[in-house]
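K.L.:
This one is model-v6.cif, mmCIF, C-alpha atoms and all ligand atoms.
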```cif
data_structure
loop_
_atom_site.label_atom_id
_atom_site.label_comp_id
_atom_site.auth_asym_id
_atom_site.auth_seq_id
_atom_site.Cartn_x
_atom_site.Cartn_y
_atom_site.Cartn_z
CA MET A 118 85.45 83.71 269.60
CA SER A 119 87.00 80.37 270.57
CA ARG A 120 88.63 79.98 273.94
CA LYS A 121 91.94 79.18 272.39
CA LYS A 122 91.97 82.30 270.22
CA LYS A 123 91.14 84.55 273.16
CA LYS A 124 94.00 83.15 275.16
CA SER A 125 96.52 83.79 272.44
CA ILE A 126 95.41 87.42 272.18
CA GLU A 127 95.95 87.88 275.91
CA THR A 128 99.42 86.48 275.57
CA ASP A 129 100.15 88.91 272.75
CA VAL A 130 98.96 91.87 274.82
CA THR A 131 101.17 90.87 277.73
CA ALA A 132 104.12 90.39 275.44
CA SER A 133 103.70 93.75 273.77
CA ARG A 134 103.25 95.50 277.10
CA ARG A 135 106.47 93.95 278.36
CA GLU A 136 108.18 95.03 275.15
CA PHE A 137 106.82 98.56 275.59
CA LEU A 138 108.18 98.77 279.12
CA ARG A 139 111.54 97.44 278.02
CA SER A 140 111.79 99.82 275.08
CA SER A 141 110.69 102.84 277.11
CA ILE A 142 113.33 102.05 279.71
CA ALA A 143 115.90 101.64 276.98
CA ALA A 144 114.89 104.98 275.49
CA GLY A 145 115.35 106.62 278.87
CA GLY A 146 111.60 107.07 279.17
CA ALA A 147 110.32 107.19 282.74
CA ILE A 148 107.50 105.07 284.03
CA VAL A 149 104.86 106.85 286.06
CA ALA A 150 104.67 104.00 288.60
CA GLY A 151 105.15 106.26 291.62
CA SER A 152 102.25 108.65 291.11
CA ALA A 153 100.01 106.04 289.45
CA ALA A 154 100.34 103.55 292.32
CA ALA A 155 96.90 102.42 293.47
CA HIS A 156 95.35 103.72 296.71
CA ALA A 157 92.38 101.46 296.15
CA ASP A 158 91.42 101.23 299.81
CA SER A 159 91.61 104.94 300.68
CA ASP A 160 90.67 106.89 297.54
CA PRO A 161 86.99 107.97 297.70
CA ALA A 162 87.01 108.29 293.90
CA ILE A 163 87.30 104.49 293.99
CA THR A 164 85.64 103.45 297.27
CA ASP A 165 82.47 105.62 296.90
CA LEU A 166 79.81 105.11 294.27
CA GLN A 167 79.85 108.28 292.17
CA GLU A 168 76.77 110.36 291.26
CA TRP A 169 77.11 109.57 287.59
CA SER A 170 76.98 105.84 288.28
CA ARG A 171 73.88 106.07 290.48
CA TYR A 172 71.28 107.67 288.17
CA LEU A 173 70.28 107.60 284.55
CA GLY A 174 71.95 110.28 282.47
CA ASP A 175 70.36 112.66 279.96
CA GLY A 176 68.82 111.20 276.85
CA VAL A 177 69.64 111.66 273.19
CA ASP A 178 67.44 114.77 273.19
CA ARG A 179 69.96 116.57 275.42
CA ALA A 180 71.89 118.49 272.76
CA PRO A 181 70.97 118.22 269.07
CA TYR A 182 74.22 120.03 268.34
CA GLY A 183 76.82 118.76 270.80
CA VAL A 184 78.90 121.01 273.01
CA PRO A 185 81.99 120.24 275.13
CA SER A 186 81.78 119.05 278.74
CA GLU A 187 80.98 121.82 281.22
CA HIS A 188 84.37 121.08 282.78
CA GLU A 189 86.02 122.39 279.61
CA LYS A 190 84.45 125.87 279.77
CA HIS A 191 87.86 127.51 280.07
CA VAL A 192 88.85 126.18 276.64
CA VAL A 193 87.86 129.21 274.58
CA ARG A 194 89.20 131.76 272.15
CA ARG A 195 90.47 134.85 273.94
CA TYR A 196 91.32 138.36 272.83
CA VAL A 197 93.53 141.10 274.23
CA GLY A 198 91.55 144.30 274.79
CA TRP A 199 94.39 146.78 274.33
CA LEU A 200 95.64 145.21 271.10
CA THR A 201 93.02 146.75 268.78
CA ALA A 202 90.71 149.75 268.87
CA SER A 203 87.47 147.84 268.25
CA VAL A 204 86.21 144.25 268.43
CA GLU A 205 84.95 144.44 264.83
CA SER A 206 88.43 145.00 263.43
CA SER A 207 90.27 142.68 265.74
CA VAL A 208 91.57 139.23 266.44
CA ASN A 209 91.09 136.46 268.97
CA PHE A 210 93.40 133.52 269.60
CA THR A 211 93.24 129.72 269.41
CA PRO A 212 93.86 128.07 272.83
CA LEU A 213 96.75 125.98 271.51
CA HIS A 214 97.79 124.84 275.00
CA GLU A 215 94.43 123.06 275.46
CA LEU A 216 94.54 121.12 272.20
CA ASP A 217 96.32 118.03 270.94
CA GLY A 218 96.73 116.27 267.62
CA ILE A 219 96.75 118.47 264.53
CA ILE A 220 93.11 119.47 263.86
CA THR A 221 91.66 122.67 265.34
CA PRO A 222 88.01 122.23 266.38
CA ASN A 223 85.74 124.62 264.49
CA GLY A 224 84.57 126.54 267.56
CA LEU A 225 88.17 127.26 268.62
CA CYS A 226 89.66 128.51 265.34
CA PHE A 227 91.06 131.99 265.92
CA GLU A 228 89.22 134.82 264.14
CA ARG A 229 90.62 137.83 262.39
CA HIS A 230 88.32 140.27 260.69
CA HIS A 231 88.59 143.84 259.51
CA GLY A 232 84.90 144.70 259.43
CA GLY A 233 83.15 142.22 261.71
CA VAL A 234 81.48 138.92 260.80
CA ALA A 235 79.34 139.19 257.66
CA GLU A 236 76.03 137.31 258.02
CA VAL A 237 75.68 136.13 254.43
CA GLU A 238 72.40 134.51 253.37
CA PRO A 239 73.27 131.35 251.43
CA ASP A 240 70.38 131.79 248.95
CA LYS A 241 71.68 135.22 248.02
CA TYR A 242 75.31 134.17 247.89
CA ARG A 243 77.03 134.83 244.54
CA LEU A 244 80.61 134.45 243.33
CA MET A 245 81.55 136.50 240.28
CA ILE A 246 84.60 135.95 238.08
CA ASN A 247 85.40 138.87 235.76
CA GLY A 248 88.32 140.74 234.19
CA LEU A 249 90.68 139.03 231.76
CA VAL A 250 88.42 136.03 231.05
CA GLU A 251 86.65 134.81 227.92
CA LYS A 252 83.23 134.78 229.62
CA PRO A 253 82.54 136.45 232.98
CA LEU A 254 80.61 134.06 235.24
CA VAL A 255 78.45 134.23 238.35
CA PHE A 256 78.07 131.12 240.52
CA THR A 257 75.48 130.35 243.18
CA LEU A 258 76.37 128.06 246.07
CA ASP A 259 74.57 125.18 244.31
CA ASP A 260 76.55 125.89 241.12
CA LEU A 261 79.81 125.58 243.06
CA LYS A 262 78.73 122.21 244.47
CA ARG A 263 78.40 120.75 240.95
CA PHE A 264 82.17 120.96 240.37
CA PRO A 265 84.47 118.10 241.47
CA ARG A 266 85.59 118.58 245.07
CA LYS A 267 88.87 118.17 246.92
CA ASN A 268 89.72 117.73 250.60
CA GLN A 269 92.83 119.35 252.03
CA ILE A 270 94.16 119.81 255.56
CA ASN A 271 95.97 123.15 255.73
CA PHE A 272 97.10 125.54 258.42
CA LEU A 273 96.12 129.19 258.22
CA GLU A 274 98.51 131.53 260.03
CA CYS A 275 98.02 135.29 260.22
CA ALA A 276 101.25 137.02 259.16
CA ALA A 277 100.99 138.99 262.43
CA ASN A 278 101.16 135.84 264.58
CA SER A 279 103.91 136.40 267.22
CA GLY A 280 104.10 139.99 265.93
CA MET A 281 104.02 141.44 269.47
CA GLU A 282 107.26 139.58 270.28
CA TRP A 283 109.61 141.33 267.83
CA ARG A 284 111.12 143.60 270.47
CA GLY A 285 111.26 141.01 273.25
CA ALA A 286 109.08 138.64 275.22
CA GLN A 287 105.75 140.31 275.86
CA LEU A 288 102.59 138.20 276.06
CA ASN A 289 102.65 135.54 278.75
CA GLY A 290 100.84 132.68 277.08
CA CYS A 291 101.19 130.48 274.06
CA GLN A 292 97.56 131.27 273.13
CA PHE A 293 98.56 134.92 272.71
CA THR A 294 102.10 134.55 271.33
CA HIS A 295 101.24 131.81 268.78
CA GLY A 296 97.44 131.42 268.69
CA MET A 297 96.82 133.12 265.34
CA VAL A 298 97.00 129.76 263.62
CA HIS A 299 94.48 126.99 262.98
CA ASN A 300 94.52 123.74 261.02
CA VAL A 301 91.38 122.55 259.30
CA MET A 302 90.28 120.01 256.71
CA TYR A 303 88.66 122.00 253.94
CA THR A 304 86.28 120.66 251.32
CA GLY A 305 85.90 122.74 248.22
CA VAL A 306 86.37 123.21 244.50
CA PRO A 307 89.88 123.77 243.14
CA LEU A 308 89.94 127.41 242.05
CA ARG A 309 91.57 126.25 238.82
CA TYR A 310 88.30 124.57 237.69
CA LEU A 311 86.36 127.83 238.05
CA LEU A 312 89.02 129.91 236.27
CA GLU A 313 89.16 127.36 233.44
CA GLU A 314 85.37 127.45 233.16
CA ALA A 315 85.57 131.23 232.68
CA GLY A 316 88.51 130.83 230.26
CA LEU A 317 91.69 132.77 231.08
CA LYS A 318 92.92 135.28 228.53
CA THR A 319 96.56 134.81 227.49
CA ASN A 320 97.70 137.97 229.32
CA ALA A 321 96.14 136.87 232.65
CA LYS A 322 98.80 136.90 235.40
CA TRP A 323 97.05 137.80 238.68
CA ILE A 324 93.73 137.42 240.43
CA MET A 325 92.12 139.70 242.99
CA PRO A 326 89.77 137.86 245.37
CA GLU A 327 87.40 140.24 247.19
CA GLY A 328 85.32 139.69 250.33
CA GLY A 329 81.61 140.43 250.73
CA ASP A 330 82.03 141.75 254.30
CA ALA A 331 81.92 145.43 255.27
CA SER A 332 85.71 145.69 254.81
CA GLY A 333 85.47 144.29 251.26
CA MET A 334 88.95 142.94 251.85
CA ASN A 335 91.01 142.15 248.75
CA ARG A 336 94.49 140.90 247.90
CA SER A 337 96.46 140.27 244.71
CA VAL A 338 97.28 136.58 244.26
CA PRO A 339 99.61 135.49 241.43
CA LEU A 340 97.93 133.21 238.89
CA PHE A 341 100.46 130.40 239.38
CA LYS A 342 99.26 129.97 242.96
CA ALA A 343 95.58 130.26 242.01
CA LEU A 344 96.05 127.45 239.48
CA ASP A 345 98.14 125.32 241.83
CA ASP A 346 96.47 124.40 245.15
CA CYS A 347 93.91 127.11 246.03
CA LEU A 348 90.42 125.98 246.98
CA ILE A 349 87.04 127.69 246.96
CA ALA A 350 86.00 126.04 250.23
CA PHE A 351 82.53 125.62 251.73
CA LYS A 352 83.18 123.00 254.41
CA MET A 353 85.56 122.97 257.38
CA ASN A 354 86.21 119.74 259.28
CA GLY A 355 83.21 118.25 257.49
CA GLU A 356 80.54 120.84 258.28
CA ALA A 357 79.60 124.20 256.77
CA LEU A 358 82.11 127.00 257.37
CA ARG A 359 81.37 128.92 260.55
CA PRO A 360 80.13 132.51 259.99
CA GLU A 361 83.38 133.87 261.45
CA GLN A 362 85.43 131.75 259.05
CA GLY A 363 83.66 133.09 255.96
CA TYR A 364 80.32 131.29 255.65
CA PRO A 365 79.28 130.22 253.12
CA VAL A 366 82.51 130.34 251.05
CA ARG A 367 86.15 131.30 251.61
CA LEU A 368 89.36 131.14 249.65
CA VAL A 369 92.02 128.67 250.84
CA VAL A 370 95.60 129.64 249.90
CA PRO A 371 97.73 126.81 251.37
CA GLY A 372 100.95 127.86 253.11
CA TRP A 373 100.47 131.56 252.39
CA GLU A 374 99.69 134.31 254.88
CA GLY A 375 96.19 134.28 256.34
CA ASN A 376 95.33 137.72 254.96
CA MET A 377 95.08 136.24 251.45
CA TRP A 378 92.46 133.67 252.49
CA VAL A 379 89.55 135.96 251.62
CA LYS A 380 86.37 135.13 253.58
CA TRP A 381 82.80 135.61 252.37
CA ILE A 382 84.41 135.73 248.90
CA ARG A 383 82.10 137.44 246.38
CA ARG A 384 84.30 138.27 243.39
CA ILE A 385 87.52 137.26 241.67
CA GLU A 386 88.93 139.70 239.16
CA VAL A 387 91.56 138.44 236.73
CA GLY A 388 94.24 140.93 235.69
CA ASP A 389 97.72 141.29 234.23
CA GLU A 390 99.37 143.01 237.22
CA PRO A 391 98.88 143.27 240.99
CA TRP A 392 96.36 145.80 242.35
CA HIS A 393 98.56 147.17 245.17
CA ALA A 394 95.58 147.06 247.53
CA ARG A 395 95.71 148.46 251.05
CA GLU A 396 96.40 145.03 252.52
CA GLU A 397 99.58 144.66 250.45
CA THR A 398 100.94 148.21 250.75
CA SER A 399 100.22 149.91 254.09
CA LYS A 400 99.61 146.53 255.79
CA TYR A 401 101.15 143.09 255.37
CA THR A 402 104.48 144.52 254.22
CA ASP A 403 107.58 144.19 256.39
CA LEU A 404 109.41 147.43 257.17
CA MET A 405 113.14 146.71 257.42
CA ALA A 406 115.78 148.52 259.52
CA ASN A 407 116.95 150.56 256.48
CA GLY A 408 113.44 151.93 255.88
CA LYS A 409 112.75 149.73 252.85
CA ALA A 410 109.83 147.32 252.98
CA ARG A 411 109.66 143.71 251.92
CA ARG A 412 106.52 143.19 249.85
CA PHE A 413 104.55 140.14 248.74
CA THR A 414 106.02 137.95 251.47
CA TRP A 415 103.38 135.33 250.89
CA GLU A 416 104.83 132.06 252.14
CA MET A 417 104.75 131.41 255.88
CA ASP A 418 108.23 130.42 257.02
CA CYS A 419 108.86 127.24 258.99
CA LYS A 420 107.97 127.68 262.67
CA SER A 421 107.29 125.70 265.82
CA VAL A 422 106.22 126.25 269.43
CA ILE A 423 105.97 124.15 272.56
CA THR A 424 102.33 124.31 273.62
CA ASN A 425 102.74 122.28 276.85
CA PRO A 426 104.18 123.23 279.19
CA SER A 427 103.71 126.96 278.57
CA PRO A 428 102.67 129.93 280.74
CA GLU A 429 98.96 128.99 280.71
CA ALA A 430 99.76 125.29 281.13
CA PRO A 431 102.33 124.91 283.93
CA LEU A 432 103.75 121.57 285.08
CA LYS A 433 101.68 120.20 287.95
CA HIS A 434 103.98 117.43 289.19
CA ASP A 435 107.33 118.09 290.88
CA LYS A 436 109.51 115.64 288.94
CA GLY A 437 109.58 112.42 286.95
CA ALA A 438 107.87 111.39 283.72
CA THR A 439 107.10 114.51 281.71
CA VAL A 440 105.63 115.04 278.26
CA ILE A 441 106.60 118.08 276.23
CA THR A 442 104.41 118.67 273.19
CA GLY A 443 104.01 121.29 270.54
CA LEU A 444 103.23 122.20 266.94
CA ALA A 445 105.42 122.76 263.90
CA TRP A 446 104.54 123.91 260.40
CA SER A 447 105.89 125.33 257.17
CA GLY A 448 104.28 127.11 254.24
CA ARG A 449 106.76 125.33 251.98
CA GLY A 450 106.04 121.68 252.73
CA THR A 451 106.18 119.16 255.55
CA ILE A 452 108.17 118.96 258.80
CA PRO A 453 110.58 116.00 258.79
CA ARG A 454 112.28 117.08 262.00
CA VAL A 455 111.79 118.97 265.27
CA ASP A 456 114.42 119.28 268.01
CA VAL A 457 113.78 120.27 271.60
CA THR A 458 116.20 121.74 274.14
CA LEU A 459 115.75 121.80 277.93
CA ASP A 460 118.69 124.14 278.59
CA GLY A 461 118.17 127.13 276.32
CA GLY A 462 119.89 125.67 273.27
CA ARG A 463 123.03 124.03 274.66
CA ASN A 464 121.84 120.49 274.00
CA TRP A 465 119.23 119.51 271.45
CA HIS A 466 117.18 116.29 271.42
CA ALA A 467 115.17 114.85 268.54
CA ALA A 468 111.43 115.12 269.20
CA ARG A 469 108.92 112.59 267.89
CA VAL A 470 106.55 113.85 265.19
CA ASP A 471 103.31 111.90 265.62
CA GLY A 472 100.21 111.78 263.44
CA PRO A 473 99.84 112.72 259.78
CA SER A 474 102.72 114.62 258.17
CA LEU A 475 100.90 116.59 255.49
CA ASP A 476 101.94 119.34 253.12
CA LYS A 477 101.35 122.84 254.57
CA SER A 478 99.64 121.42 257.65
CA LEU A 479 100.36 121.57 261.37
CA HIS A 480 102.52 118.73 262.69
CA ARG A 481 102.31 117.46 266.29
CA PHE A 482 105.54 116.65 268.13
CA TYR A 483 106.30 115.09 271.52
CA TYR A 484 109.40 114.83 273.67
CA GLU A 485 109.14 112.55 276.71
CA PHE A 486 111.77 112.81 279.43
CA ASP A 487 112.46 112.25 283.10
CA TRP A 488 112.37 115.71 284.72
CA ASN A 489 114.59 116.16 287.78
CA GLY A 490 112.47 119.09 288.99
CA ALA A 491 115.09 121.75 288.25
CA PRO A 492 114.27 124.87 286.17
CA LEU A 493 114.25 124.48 282.38
CA LEU A 494 114.70 126.75 279.38
CA LEU A 495 112.51 125.04 276.80
CA GLN A 496 112.71 125.68 273.07
CA SER A 497 111.69 123.83 269.92
CA ARG A 498 113.32 124.19 266.52
CA ALA A 499 111.69 122.87 263.37
CA VAL A 500 113.29 121.92 260.06
CA ASP A 501 111.07 121.80 256.96
CA SER A 502 111.20 119.58 253.90
CA THR A 503 113.22 122.19 251.98
CA GLY A 504 115.97 121.93 254.64
CA TYR A 505 115.19 125.40 256.07
CA ILE A 506 115.91 125.61 259.82
CA GLN A 507 113.74 127.78 262.08
CA PRO A 508 115.91 130.78 263.12
CA THR A 509 116.44 132.35 266.54
CA LYS A 510 114.76 135.68 267.23
CA ASP A 511 118.19 137.36 267.24
CA GLU A 512 118.98 135.94 263.81
CA LEU A 513 115.67 137.36 262.55
CA ARG A 514 116.38 140.78 264.05
CA THR A 515 119.85 140.86 262.50
CA ALA A 516 118.33 140.17 259.09
CA ARG A 517 115.21 142.35 259.32
CA GLY A 518 115.51 144.81 262.19
CA GLU A 519 112.68 145.30 264.68
CA ASN A 520 110.21 147.51 262.78
CA SER A 521 108.12 144.71 261.43
CA ILE A 522 105.00 143.19 262.92
CA TYR A 523 104.78 140.38 260.42
CA HIS A 524 106.50 137.05 259.79
CA ASN A 525 108.10 136.47 263.18
CA ASN A 526 108.95 132.76 263.08
CA GLY A 527 111.75 132.90 265.65
CA ILE A 528 112.43 130.22 268.25
CA GLN A 529 110.27 130.66 271.38
CA THR A 530 111.69 130.15 274.89
CA TRP A 531 109.66 129.12 277.94
CA HIS A 532 111.27 129.33 281.37
CA VAL A 533 109.99 126.52 283.61
CA LYS A 534 110.69 127.66 287.16
CA ASN A 535 110.92 125.78 290.44
CA GLY A 536 107.42 124.55 291.14
CA GLY A 537 106.54 124.20 287.47
CA GLU A 538 105.35 127.74 286.75
CA VAL A 539 106.23 128.88 283.21
CA GLU A 540 107.19 132.30 281.87
CA ASN A 541 107.76 133.76 278.38
CA VAL A 542 111.45 134.79 278.20
CA GLU A 543 114.25 135.20 275.71
CA VAL A 544 117.79 133.85 275.86
CA SER A 545 120.65 135.27 273.85
N1 LIG B 1 86.68 139.20 253.71
C1 LIG B 1 87.67 139.11 254.62
N2 LIG B 1 88.56 138.11 254.52
C2 LIG B 1 89.56 137.99 255.42
C3 LIG B 1 89.72 138.94 256.47
C4 LIG B 1 88.75 139.99 256.54
O1 LIG B 1 88.78 140.84 257.45
N3 LIG B 1 87.75 140.04 255.61
N4 LIG B 1 90.80 138.83 257.32
C5 LIG B 1 91.97 138.12 256.81
C6 LIG B 1 93.01 137.87 257.77
S1 LIG B 1 94.05 139.16 258.13
C7 LIG B 1 93.26 136.62 258.27
S2 LIG B 1 94.60 136.32 259.26
C8 LIG B 1 92.34 135.50 257.99
C9 LIG B 1 91.80 134.94 259.29
O2 LIG B 1 90.96 133.86 259.05
P1 LIG B 1 90.08 133.26 260.24
O3 LIG B 1 89.22 134.36 260.79
O4 LIG B 1 89.33 132.14 259.65
O5 LIG B 1 91.05 132.79 261.29
O6 LIG B 1 91.25 135.86 257.18
C10 LIG B 1 91.57 136.80 256.15
N5 LIG B 1 90.42 136.97 255.29
MO MO B 2 95.92 138.37 259.20
#
```
Show me, as structure tokens, the structure contained in the file I just sent.
P.N.:
Amino acid sequence: MSRKKKKSIETDVTASRREFLRSSIAAGGAIVAGSAAAHADSDPAITDLQEWSRYLGDGVDRAPYGVPSEHEKHVVRRYVGWLTASVESSVNFTPLHELDGIITPNGLCFERHHGGVAEVEPDKYRLMINGLVEKPLVFTLDDLKRFPRKNQINFLECAANSGMEWRGAQLNGCQFTHGMVHNVMYTGVPLRYLLEEAGLKTNAKWIMPEGGDASGMNRSVPLFKALDDCLIAFKMNGEALRPEQGYPVRLVVPGWEGNMWVKWIRRIEVGDEPWHAREETSKYTDLMANGKARRFTWEMDCKSVITNPSPEAPLKHDKGATVITGLAWSGRGTIPRVDVTLDGGRNWHAARVDGPSLDKSLHRFYYEFDWNGAPLLLQSRAVDSTGYIQPTKDELRTARGENSIYHNNGIQTWHVKNGGEVENVEVS
């Protein structure tokens, strides 16, 4: 690079930094100057030569499959012992407060299974399509990989996410109140290609995907969805599905409740009416105040949550520049807008959605402000691309009563107390 060129780049950098400072001041953004001021002569982290600078590190033979830094050991899925009777039919939760961006790392995706993790041998894996088709088919894993593939980033949310909060604030952590969601890039074959290969009969209206695990879980899925954007997926975030996520093959049903995303999928029956399986009658229906139940509530309503600060991620400084961040999503499209309030809903401020805004995918939002150190009542409220506005919990209760476990997409409140500690509360 010529001397002259280098110089002009430096000038550009200085100019853009000045512009950044000016615009962040204009936007009311605080500058961290106080706490970031250098203590170059007294800070041993600067004055002493550190261990890691003194000796050679491990070689490339250290970890053929990489793992996170040992300082990140607390970043794990967690479960709540009293929530379910056994660990085989149970759930653990994504540590949302430890993550950023929109992608959930494979080892941190929450798990929900009804009969434990099936250990399917890929050589013996088969997917059968039968019922109202011209020719019933059986695919091996290699067969599936000869169809054209698609990549899609989609969130999966269990319909029971936030289900413990229907009758009031209960679990003191965003991992537990909202952690039954993950967002993954799937690679797979559009289900439509497989159904077309089998040839749908003219009276075909529904499909019933069925799992190969001990629970043999099944759900009725209307044909219009199966032909629209469902995937028969074998990769997550680029690598093979993890055993707990359905290795070697799972169904992806974008925007619809997690229960329909059948793992270890072994069979798809085509029919002319729904099967009224256990998972769509006694479970995954929403009992209303009048004793009637809503059924086939497939789409996940627009929802958001502030992940930081939150009970497991308190504020560690006493005032000044503060970043609020969280996630928003909708089973009906994208999230053009998220608002944040610091005072329990009296004043709302537009948050900044950053990163890809994809259909039926998690969105990341930020709100930067200058905290005066006083207590806060934090909430976020998302609006989706259909114009639907995330409701308050009271609005949900008025509409549906308190009997339900499922589909609680109400606005979450975090109380930031003096000292930065955070508690799960409700305001009304
Ligand atoms: N075969 C099978 N598929 C299944 C389940 C199951 O128990 N067995 N659980 C369902 C439920 S209730 C949810 S919320 C999602 C959870 O997917 P995950 O474990 O990848 O998070 O898988 C669904 N698919
Ligand atoms: Mo679920």
K.L.:
I'd like to know which of A:Asn223, A:Gln507, A:Thr458, A:Gln529 is closest to ligand LIG 1 (chain B), using all atoms listed in the file.
P.N.:
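Of A:Asn223, A:Gln507, A:Thr458, A:Gln529, the one nearest ligand LIG 1 (chain B), counting all atoms listed in the file, is A:Asn223.
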K.L.:
Counting all atoms listed in the file, what are the residues, protein, DNA or RNA alike, that approach ligand LIG 1 (chain B) to within 8 Å? I want them as number ranges by chain.
P.N.:
A: 206, 208, 226-233, 273-277, 297-299, 327-335, 361-363, 367, 374-382
K.L.:
Between A:Asn520, A:Asn278, A:Asn407, A:Thr398, which residue has the minimum interatomic distance to ligand MO 2 (chain B), considering all atoms listed in the file?
P.N.:
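Closest to ligand MO 2 (chain B), using all atoms listed in the file: A:Asn278.
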K.L.:
Do you have the CA of Trp415 (chain A)-CA of Gly372 (chain A) distance handy?
P.N.:
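Distance between the two atoms: 8.2 Å.
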K.L.:
Counting only C-alpha atoms and all ligand atoms, figure out which residue out of A:Asn526, A:Asn320, A:Thr402, A:Asn300 gets nearest to ligand MO 2 (chain B).
P.N.:
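Answer, going by the shortest atom-to-atom distance: A:Thr402.
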K.L.:
Give me the residues near Glu543 (chain A) as a list of chain:residue names, where near means some atom within 8 Å (using all atoms listed in the file) and where sequence neighbours in that chain fewer than 4 positions away do not count.
P.N.:
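Here the answer would be A:Gly285, A:Ala286, A:Gln529, A:Thr530, A:Trp531.
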K.L.:
Which of these, A:Ser497, A:Thr257, A:Asn271, A:Ser427, has the shortest distance to Ser474 (chain A) once you count all atoms listed in the file?
P.N.:
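For Ser474 (chain A), the nearest of the candidates is A:Asn271.
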K.L.:
Around the point (108.8, 112.2, 287.5), in the coordinates given by the file, pick out the residues reaching within 7 Å, counting all atoms listed in the file, and return them as number ranges by chain.
P.N.:
A: 149, 435-439, 487-488
K.L.:
So how far away is CA of Gly408 (chain A) from CA of Asn541 (chain A), in Å?
P.N.:
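Distance reported for this atom pair: 29.5 Å.
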K.L.:
For Leu368 (chain A), which residue out of A:Glu540, A:Glu356, A:Asp346, A:Glu416 is the nearest one, using all atoms listed in the file?
P.N.:
A:Asp346
K.L.:
Rank nothing, just name the residue among A:Met417, A:Leu348, A:Ile506, A:Ala180 nearest to ligand MO 2 (chain B), using all atoms listed in the file.
P.N.:
A:Met417
K.L.:
For region 461-471 of chain A, what centre and edge lengths in Å (one decimal) does the axis-aligned box get once 3 Å is added on each side of all its listed atoms, as lines of an AutoDock Vina configuration file?
P.N.:
```
center_x = 113.2
center_y = 119.5
center_z = 270.8
size_x = 25.7
size_y = 21.2
size_z = 17.1
```
K.L.:
What separation in Å, quoted to one decimal, exists between CA of Ile385 (chain A) and CA of Thr304 (chain A)?
P.N.:
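For CA of Ile385 (chain A) relative to CA of Thr304 (chain A), the distance reads 19.2 Å.
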K.L.:
Using only C-alpha atoms, which protein or nucleic acid residues come within 10 Å of Pro391 (chain A)? Drop anything in the same chain fewer than 6 positions from it, and give the result as a short mmCIF file (atom, residue, chain, number, x, y, z; two decimals) with C-alpha atoms, in the frame of the given file.
P.N.:
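After the write, result_24.cif holds the following:
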```
data_model
loop_
_atom_site.label_atom_id
_atom_site.label_comp_id
_atom_site.auth_asym_id
_atom_site.auth_seq_id
_atom_site.Cartn_x
_atom_site.Cartn_y
_atom_site.Cartn_z
CA LYS A 322 98.80 136.90 235.40
CA TRP A 323 97.05 137.80 238.68
CA ILE A 324 93.73 137.42 240.43
CA MET A 325 92.12 139.70 242.99
CA ARG A 336 94.49 140.90 247.90
CA SER A 337 96.46 140.27 244.71
CA VAL A 338 97.28 136.58 244.26
CA PRO A 339 99.61 135.49 241.43
CA GLU A 397 99.58 144.66 250.45
#
```
K.L.:
List the neighbours of region 234-250 of chain A out to 6 Å using all atoms listed in the file; skip same-chain residues closer than 6 positions along the sequence, and give me the result as an MDAnalysis selection string.
P.N.:
chainID A and resid 256:257 315:318 321 330 361 383:388
